[in-house]
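Okay, so here's the structure we're looking at.
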Amino acid sequence: MSTLDPVLSHLDTNLDQSLDRLVELLKIKSISTDPAYKAECRKAAEWLVEDLKSIGFDASVRDTPGHPMVVAHHEGATPDAPHALFYGHYDVQPVDPLNLWENDPFSPAVKEVEPGRKIITGRGTSDDKGQLMTFVEACRAYKAVHGNLPCRITILFEGEEESGSPSLKPFLKEHAEELKADFALVCDTGMWDRETPAISVGLRGLVGEEIIVKAADRDLHSGFFGGAAANPIHILTRILADLHDENGRVTLPGFYDGVEETPKQILQMWDGLGRTAETFLGPIGLSIPSGEKGRSVLELTWARPTAEVNGITGGYTGQGFKTVIAAEASAKVSFRLVHQQNPDKIRAAFREFVKARIPADCSVEFHPHGGSPAIQLSYDSPLLTKAKDALSDEWPKPAVLIAMGGSIPIVGDFQSMLGMESLLVGFGLEDDRIHSPNEKYELQSFHKGQRSWARILAALAKR
């Protein structure tokens, strides 16, 4: 019998006790965005510290200007065991509107929704208390069976993820030496479907810009001045239209510097997932992909950079009609970045692109709204291979390597501030209703998530 088998058996036998612990944590109203729940956030941190101490971690509550962090350490089975930093967050979203919940969001329960399928209900079940506890339970099982952990583990649980993580970067900077490990494990992600586990290997970066085009010193009567005076809405919309060519490519000079083609075997894997333009766009009332021609919807949303206009304002937009030429017009534009694209260079290129299209008697202002690079894990990383094999051994279908169209800032912080690549593995599902009323977590996700982490730790421990 392998050293892993009794750990998996222990997790199966003690599932009910692990559920009891999760229910205790879920009852704590750790809503980070509302100051009224400050004490509840600390209560959740303290609960986690005591739970981690009970299985041998050196754990403590660390104060920040906002909600506290939880930091815990445990040695591995051998002095040279790999060192992993595991990250999760104990804070949750507000529950409004309360009247849309079928049950009290902080009175979690296990429900059978169809024969053989049960869910855990309540705020934080999937995002992120249920997810982080899958890892804690895997550690607990190892300690119960073997008295040690296969890897050296540092745990970082944050209490401000749902409110923008204002304390996180200063905390990482101050405690960099303590938190630095061989790699990071992040659980705040999901599966492809109920039977197919997934590892997220790419996260797109982001550049946000607001531009304000100014023309005349006041709004003008379009009858008196129309045809002679510059119209900032015309100027702005021409600029925005120029951002893409007829094939959907972004036209900023140097925009594609650092953009690599996705390996063919990865594209074939994505094609095998069965997501087509019809299945992806159909539910939202569309059918034709609008990005770069000749690429699948998964490649467009996971592995290609974008330029999107998120909002336009200018002129009179109230009820009725007002024939004016506006004095100014503004737009908010975001760029999703991939691979090695440089956010600073993209921002500079966009500003030069705009300035070159502003008439001499008009002006433009720019206001930045954040910028972060993309994260890309090497497709042939040993870390990735071990985790993929471990997950495939646990679930009905082999693990797939996916990407994410959005961003998880902590992953970039781990890379830039601690020099660590991250393995993103989670067991949430698309219908878990995170951030919405009636959030849930599949009991299968909670149970097999524990077993998955046990397998991953065993695999990572092998040099």
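Lettering and numbering for the structure tokens are positional, with chains as A, B, ... in the shown order, residues counted from 1 in each chain, and ligands counted from 1 in the shown order.
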
Compile the contact shell of region 408-421 of chain A as a PDB file with N, CA and C atoms, in the first residue's frame: residues with an atom at most 8 Å away, counting only C-alpha atoms, same-chain residues fewer than 2 positions apart removed.
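Result file follows (selection-v3.pdb):
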```
ATOM      1  N   LYS A 169      -0.363  43.833  -0.761  1.00  0.00           N
ATOM      2  CA  LYS A 169       0.982  44.124  -1.274  1.00  0.00           C
ATOM      3  C   LYS A 169       1.921  44.617  -0.179  1.00  0.00           C
ATOM      4  N   LEU A 172       2.946  41.542   1.776  1.00  0.00           N
ATOM      5  CA  LEU A 172       3.888  40.696   1.051  1.00  0.00           C
ATOM      6  C   LEU A 172       5.283  41.313   1.062  1.00  0.00           C
ATOM      7  N   LYS A 173       5.338  42.623   0.882  1.00  0.00           N
ATOM      8  CA  LYS A 173       6.636  43.295   0.876  1.00  0.00           C
ATOM      9  C   LYS A 173       7.316  43.196   2.235  1.00  0.00           C
ATOM     10  N   ALA A 176       8.242  39.286   2.951  1.00  0.00           N
ATOM     11  CA  ALA A 176       8.664  38.543   1.765  1.00  0.00           C
ATOM     12  C   ALA A 176       9.528  37.340   2.113  1.00  0.00           C
ATOM     13  N   LEU A 179       7.451  34.483   3.622  1.00  0.00           N
ATOM     14  CA  LEU A 179       6.442  33.876   2.770  1.00  0.00           C
ATOM     15  C   LEU A 179       7.011  33.224   1.515  1.00  0.00           C
ATOM     16  N   LYS A 180       8.245  33.524   1.180  1.00  0.00           N
ATOM     17  CA  LYS A 180       8.826  33.001  -0.050  1.00  0.00           C
ATOM     18  C   LYS A 180       8.938  31.479   0.022  1.00  0.00           C
ATOM     19  N   ALA A 181       8.558  30.817  -1.065  1.00  0.00           N
ATOM     20  CA  ALA A 181       8.593  29.359  -1.121  1.00  0.00           C
ATOM     21  C   ALA A 181       9.057  28.933  -2.515  1.00  0.00           C
ATOM     22  N   ASP A 182       9.056  27.617  -2.762  1.00  0.00           N
ATOM     23  CA  ASP A 182       9.452  27.136  -4.087  1.00  0.00           C
ATOM     24  C   ASP A 182       8.383  27.443  -5.130  1.00  0.00           C
ATOM     25  N   PHE A 183       7.121  27.424  -4.712  1.00  0.00           N
ATOM     26  CA  PHE A 183       6.014  27.714  -5.610  1.00  0.00           C
ATOM     27  C   PHE A 183       4.791  28.026  -4.763  1.00  0.00           C
ATOM     28  N   ALA A 184       3.785  28.612  -5.405  1.00  0.00           N
ATOM     29  CA  ALA A 184       2.537  28.939  -4.719  1.00  0.00           C
ATOM     30  C   ALA A 184       1.413  28.052  -5.239  1.00  0.00           C
ATOM     31  N   VAL A 186      -2.770  28.149  -5.453  1.00  0.00           N
ATOM     32  CA  VAL A 186      -3.901  29.065  -5.347  1.00  0.00           C
ATOM     33  C   VAL A 186      -5.173  28.283  -5.648  1.00  0.00           C
ATOM     34  N   LEU A 203      -3.311  33.743 -17.085  1.00  0.00           N
ATOM     35  CA  LEU A 203      -4.216  34.807 -16.652  1.00  0.00           C
ATOM     36  C   LEU A 203      -3.884  36.053 -17.447  1.00  0.00           C
ATOM     37  N   SER A 372      -1.454  45.657 -15.007  1.00  0.00           N
ATOM     38  CA  SER A 372      -0.741  44.489 -14.501  1.00  0.00           C
ATOM     39  C   SER A 372      -0.412  43.571 -15.663  1.00  0.00           C
ATOM     40  N   PRO A 373       0.732  42.891 -15.606  1.00  0.00           N
ATOM     41  CA  PRO A 373       1.108  41.990 -16.695  1.00  0.00           C
ATOM     42  C   PRO A 373       0.321  40.684 -16.643  1.00  0.00           C
ATOM     43  N   ALA A 374       0.356  39.963 -17.734  1.00  0.00           N
ATOM     44  CA  ALA A 374      -0.254  38.638 -17.776  1.00  0.00           C
ATOM     45  C   ALA A 374       0.614  37.643 -17.023  1.00  0.00           C
ATOM     46  N   ILE A 375       0.005  36.545 -16.633  1.00  0.00           N
ATOM     47  CA  ILE A 375       0.718  35.445 -15.990  1.00  0.00           C
ATOM     48  C   ILE A 375       0.617  34.231 -16.897  1.00  0.00           C
ATOM     49  N   LEU A 377       2.078  30.223 -17.076  1.00  0.00           N
ATOM     50  CA  LEU A 377       2.861  29.101 -16.580  1.00  0.00           C
ATOM     51  C   LEU A 377       3.361  28.307 -17.778  1.00  0.00           C
ATOM     52  N   GLY A 406      -9.874  36.697 -17.288  1.00  0.00           N
ATOM     53  CA  GLY A 406      -9.713  37.759 -16.304  1.00  0.00           C
ATOM     54  C   GLY A 406      -8.355  37.696 -15.628  1.00  0.00           C
ATOM     55  N   LEU A 423       0.520  27.536  -9.052  1.00  0.00           N
ATOM     56  CA  LEU A 423      -0.307  26.468  -9.581  1.00  0.00           C
ATOM     57  C   LEU A 423      -1.738  26.764  -9.164  1.00  0.00           C
TER      58      LEU A 423
END
```

TODO: Would you mind writing down, as a VMD selection string, each residue of region 184-250 of chain A that DSSP on the backbone assigns to strand (DSSP E or B)?
DONE: chain A and resid 184 to 186 190 193 196 198 to 203 205 to 214 220 to 221 244 250

Mind writing the picked residues with C-alpha atoms as a PDB file, in the first residue's frame?
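Final output, result_38.pdb:
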```
ATOM      1  CA  ALA A 184       2.537  28.939  -4.719  1.00  0.00           C
ATOM      2  CA  LEU A 185      -0.743  27.032  -4.709  1.00  0.00           C
ATOM      3  CA  VAL A 186      -3.901  29.065  -5.347  1.00  0.00           C
ATOM      4  CA  GLY A 190     -12.678  26.153 -10.806  1.00  0.00           C
ATOM      5  CA  ASP A 193     -17.212  20.721 -15.630  1.00  0.00           C
ATOM      6  CA  THR A 196     -13.245  17.351 -15.534  1.00  0.00           C
ATOM      7  CA  ALA A 198      -8.709  21.959 -14.616  1.00  0.00           C
ATOM      8  CA  ILE A 199      -5.463  23.796 -14.033  1.00  0.00           C
ATOM      9  CA  SER A 200      -5.354  27.434 -15.055  1.00  0.00           C
ATOM     10  CA  VAL A 201      -2.059  28.080 -16.815  1.00  0.00           C
ATOM     11  CA  GLY A 202      -2.663  31.626 -18.005  1.00  0.00           C
ATOM     12  CA  LEU A 203      -4.216  34.807 -16.652  1.00  0.00           C
ATOM     13  CA  GLY A 205      -3.125  41.121 -17.615  1.00  0.00           C
ATOM     14  CA  LEU A 206      -4.877  44.477 -17.755  1.00  0.00           C
ATOM     15  CA  VAL A 207      -4.339  48.099 -18.707  1.00  0.00           C
ATOM     16  CA  GLY A 208      -7.134  50.587 -18.046  1.00  0.00           C
ATOM     17  CA  GLU A 209      -7.262  54.113 -19.496  1.00  0.00           C
ATOM     18  CA  GLU A 210      -9.815  56.910 -19.450  1.00  0.00           C
ATOM     19  CA  ILE A 211      -9.462  59.550 -22.158  1.00  0.00           C
ATOM     20  CA  ILE A 212     -11.199  62.926 -22.314  1.00  0.00           C
ATOM     21  CA  VAL A 213     -11.220  64.799 -25.628  1.00  0.00           C
ATOM     22  CA  LYS A 214     -11.881  68.539 -25.294  1.00  0.00           C
ATOM     23  CA  LEU A 220     -22.338  74.727 -28.916  1.00  0.00           C
ATOM     24  CA  HIS A 221     -25.597  75.123 -30.848  1.00  0.00           C
ATOM     25  CA  HIS A 244      -9.020  47.577 -34.794  1.00  0.00           C
ATOM     26  CA  VAL A 250      -5.466  45.761 -32.587  1.00  0.00           C
TER      27      VAL A 250
END
```

Open item on the list: For a quick check of understanding, using only C-alpha atoms, which of A:Arg21, A:Arg152, A:Lys129, A:Lys448 has the smallest distance to Glu50 (chain A)?
Closed with: A:Arg21

- [ ] Tell me which protein, DNA and RNA residues are within 12 Å of Leu8 (chain A), counting only C-alpha atoms, leaving out same-chain ones fewer than 6 positions away, and put them as a ChimeraX atom specification.
- [x] /A:1-2,14-15,137-142,144-145,394,447-456,458

Open item on the list: Would you pick out the contacts of Lys388 (chain A) at 10 Å or less, using only C-alpha atoms, so that residues sharing its chain but fewer than 5 positions from it are not included, and give the list as an MDAnalysis selection string?
Closed with: chainID A and resid 197:199 382:383 393 398:401 425 456 459

Open item on the list: So, with only C-alpha atoms as the atoms that count, which of A:Pro82, A:Pro6, A:Gly282, A:Pro289 lies closest to Asn247 (chain A)?
Closed with: A:Pro289

Task: Selected residue of minimal separation from Ser54 (chain A) among A:Met69, A:Ile28, A:Ile239, A:Val136, counting only C-alpha atoms - done: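 Of A:Met69, A:Ile28, A:Ile239, A:Val136, the one nearest Ser54 (chain A) is A:Val136, counting only C-alpha atoms.
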
Considering only C-alpha atoms, return as a short mmCIF file (atom, residue, chain, number, x, y, z; two decimals) with C-alpha atoms, in the first residue's frame whatever protein or nucleic-acid residues lie within 12 Å of Pro359 (chain A), sequence-local ones (same chain, fewer than 4 positions apart) excluded.
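Result written to out-v7.cif:
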```
data_model
loop_
_atom_site.label_atom_id
_atom_site.label_comp_id
_atom_site.auth_asym_id
_atom_site.auth_seq_id
_atom_site.Cartn_x
_atom_site.Cartn_y
_atom_site.Cartn_z
CA VAL A 213 -11.22 64.80 -25.63
CA LYS A 214 -11.88 68.54 -25.29
CA ALA A 215 -12.81 70.96 -28.09
CA ALA A 216 -14.74 74.27 -27.67
CA ALA A 229 -16.56 73.54 -35.06
CA ALA A 230 -14.73 70.38 -34.06
CA ASN A 231 -17.01 67.78 -32.50
CA PRO A 232 -15.18 65.82 -29.76
CA HIS A 234 -16.68 62.55 -33.74
CA ILE A 235 -12.99 62.74 -32.87
CA LEU A 236 -13.30 60.21 -30.07
CA ILE A 239 -10.04 57.11 -32.59
CA VAL A 354 -4.65 59.04 -29.45
CA LYS A 355 -2.52 62.18 -29.46
CA SER A 363 -6.79 68.66 -26.42
CA VAL A 364 -6.89 65.31 -24.62
#
```

- [ ] Identify, on the basis of only C-alpha atoms, every residue whose closest approach to Glu278 (chain A) does not exceed 12 Å; exclude the query and any residue fewer than 3 positions from it along the same chain; express the result as number ranges by chain.
- [x] A: 274-275, 281-289, 296-297

TODO: Could you tell me which of A:Glu161, A:Asp58, A:Glu24, A:Glu260 comes closest to Asp91 (chain A) if we count only C-alpha atoms?
DONE: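 Under the stated criterion, the closest residue is A:Glu161.
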
Task: From A:Leu11, A:Leu19, A:Leu391, A:Leu252, residue lying nearest Ala356 (chain A) [only C-alpha atoms] - done: A:Leu252

Open item on the list: Let's see if you can do this: from backbone DSSP, list all alpha helix (DSSP H) residues in region 187-415 of chain A, as a VMD selection string.
Closed with: chain A and resid 222 to 225 232 to 241 264 to 271 277 to 281 297 to 302 343 to 355 382 to 394 409 to 415

As a PDB file with C-alpha atoms, in the first residue's frame, please: the residues near Ser30 (chain A) (cut-off 6 Å, only C-alpha atoms, same-chain neighbours under 5 positions excluded).
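Result file follows (part-v7.pdb):
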```pdb
ATOM      1  CA  GLU A  40     -16.663  38.846  12.290  1.00  0.00           C
ATOM      2  CA  CYS A  41     -13.678  39.001   9.938  1.00  0.00           C
ATOM      3  CA  ASP A  91     -13.680  36.988   3.557  1.00  0.00           C
ATOM      4  CA  VAL A  92     -16.936  36.821   1.625  1.00  0.00           C
TER       5      VAL A  92
END
```

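Counting only C-alpha atoms and comparing A:His146, A:Arg42, A:Arg218, A:Arg357, the residue that lies closest to Val61 (chain A) is A:Arg42.
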
Task: Computed interatomic separation between CA of Ile119 (chain A) and CA of Leu100 (chain A) (Å) - done: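 Calculated distance between CA of Ile119 (chain A) and CA of Leu100 (chain A) is 18.1 Å.
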
Task: One-decimal distance in Å that lies between CA of Pro65 (chain A) and CA of Glu174 (chain A) - done: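 Separation between CA of Glu174 (chain A) and CA of Pro65 (chain A): 13.2 Å.
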
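Atom pair CA of Asp389 (chain A) / CA of Thr301 (chain A): separated by 25.6 Å.
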